[in-house]
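Working notes, structure below.
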Amino acid sequence: MPCRFRIAVGVAAALLGVAAAAANETSANASAGGLHGVNLDTCNLKPRYVGCWSQRKPFRPRWDSHVSATAIGIKECFTRCCLHKLPFAGLQCPRLWELWRIPIVVCRCFDQVGANADKCVDSSHGCTGNPVVAGYRAGGAYLAAIYDVRG
């Protein structure tokens, strides 16, 4: 088995393991009153689409990370925003992680958002992944598809 393939498989397994551990931690903390004082029953893990927002507007994310471009990754994004007590989750720039060729999307959490952008798909700056991930709009370059994660 080539080394690069073994490393890619290891990274993919690690990502899945982190997602599974986060899911286990989330369910354990939900039954114990929530993580960071947040009861996950107040989180909407099938949130309402608010619109598309241009990141060139004045509001900036309070937390961001990359998640896998899968249903599990999207749920992780929504959960993390809720756990950070931020009402809006934004998905942005779906693409393949160049090193391992794993589909990812940027997850950004906001306390407020600005006016909607005219479009929500922009494949510039390497944002060449599927614009819809697990039924959710995934935004584009400098464009975040915003979801309200409040319960």
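Scheme for the structure tokens: letters A, B, ... for chains in order shown; per-chain residue numbers from 1; ligand numbers from 1 in order shown.
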
Non-local contacts of Ala89 of chain A (8 Å; only C-alpha atoms; under 3 positions in same chain excluded) as a list in words: Cys77, Phe78, Cys81, Leu86, Cys107, Arg108, Cys109, Phe110, Ile146, Tyr147, Asp148 and Val149 of chain A

Nearest residue to Gly140 of chain A from the set A:Asn116, A:His66, A:Gly73, A:Ser54 (distances using only C-alpha atoms): A:Ser54

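Straight-line separation from atom CA of Ala141 of chain A to atom CA of Lys46 of chain A: 23.8 Å.
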
Spatial neighbours of Gly129 of chain A, max dist 12 Å, only C-alpha atoms, sep filter under 6 positions, as an MDAnalysis selection string: chainID A and resid 68:70 92:98 101:106 121:123 137:141

Any chance you could export the current selection's C-alpha atoms as a PDB file, in the first residue's frame?
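The result, written out as selection33.pdb:
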ATOM      1  CA  SER A  68     -16.086  17.697   6.185  1.00  0.00           C
ATOM      2  CA  ALA A  69     -18.511  18.384   3.339  1.00  0.00           C
ATOM      3  CA  THR A  70     -20.897  15.674   4.552  1.00  0.00           C
ATOM      4  CA  GLN A  92     -18.591  28.858   2.827  1.00  0.00           C
ATOM      5  CA  CYS A  93     -16.263  27.812   0.027  1.00  0.00           C
ATOM      6  CA  PRO A  94     -16.842  24.095  -0.577  1.00  0.00           C
ATOM      7  CA  ARG A  95     -13.726  22.477  -2.037  1.00  0.00           C
ATOM      8  CA  LEU A  96     -11.342  19.568  -1.892  1.00  0.00           C
ATOM      9  CA  TRP A  97      -8.633  19.759   0.728  1.00  0.00           C
ATOM     10  CA  GLU A  98      -5.710  19.759  -1.680  1.00  0.00           C
ATOM     11  CA  ARG A 101      -8.407  15.348  -1.636  1.00  0.00           C
ATOM     12  CA  ILE A 102     -11.091  15.286   1.086  1.00  0.00           C
ATOM     13  CA  PRO A 103     -14.196  17.465   0.472  1.00  0.00           C
ATOM     14  CA  ILE A 104     -14.427  20.243   3.075  1.00  0.00           C
ATOM     15  CA  VAL A 105     -16.413  23.407   3.702  1.00  0.00           C
ATOM     16  CA  VAL A 106     -15.638  26.385   5.933  1.00  0.00           C
ATOM     17  CA  VAL A 121     -22.371  30.575  -5.482  1.00  0.00           C
ATOM     18  CA  ASP A 122     -18.916  31.757  -6.450  1.00  0.00           C
ATOM     19  CA  SER A 123     -16.381  29.201  -7.575  1.00  0.00           C
ATOM     20  CA  ARG A 137     -26.376  25.600   0.480  1.00  0.00           C
ATOM     21  CA  ALA A 138     -22.624  25.803   0.970  1.00  0.00           C
ATOM     22  CA  GLY A 139     -21.870  29.377  -0.114  1.00  0.00           C
ATOM     23  CA  GLY A 140     -18.848  30.374  -2.179  1.00  0.00           C
ATOM     24  CA  ALA A 141     -15.749  32.565  -2.154  1.00  0.00           C
TER      25      ALA A 141
END
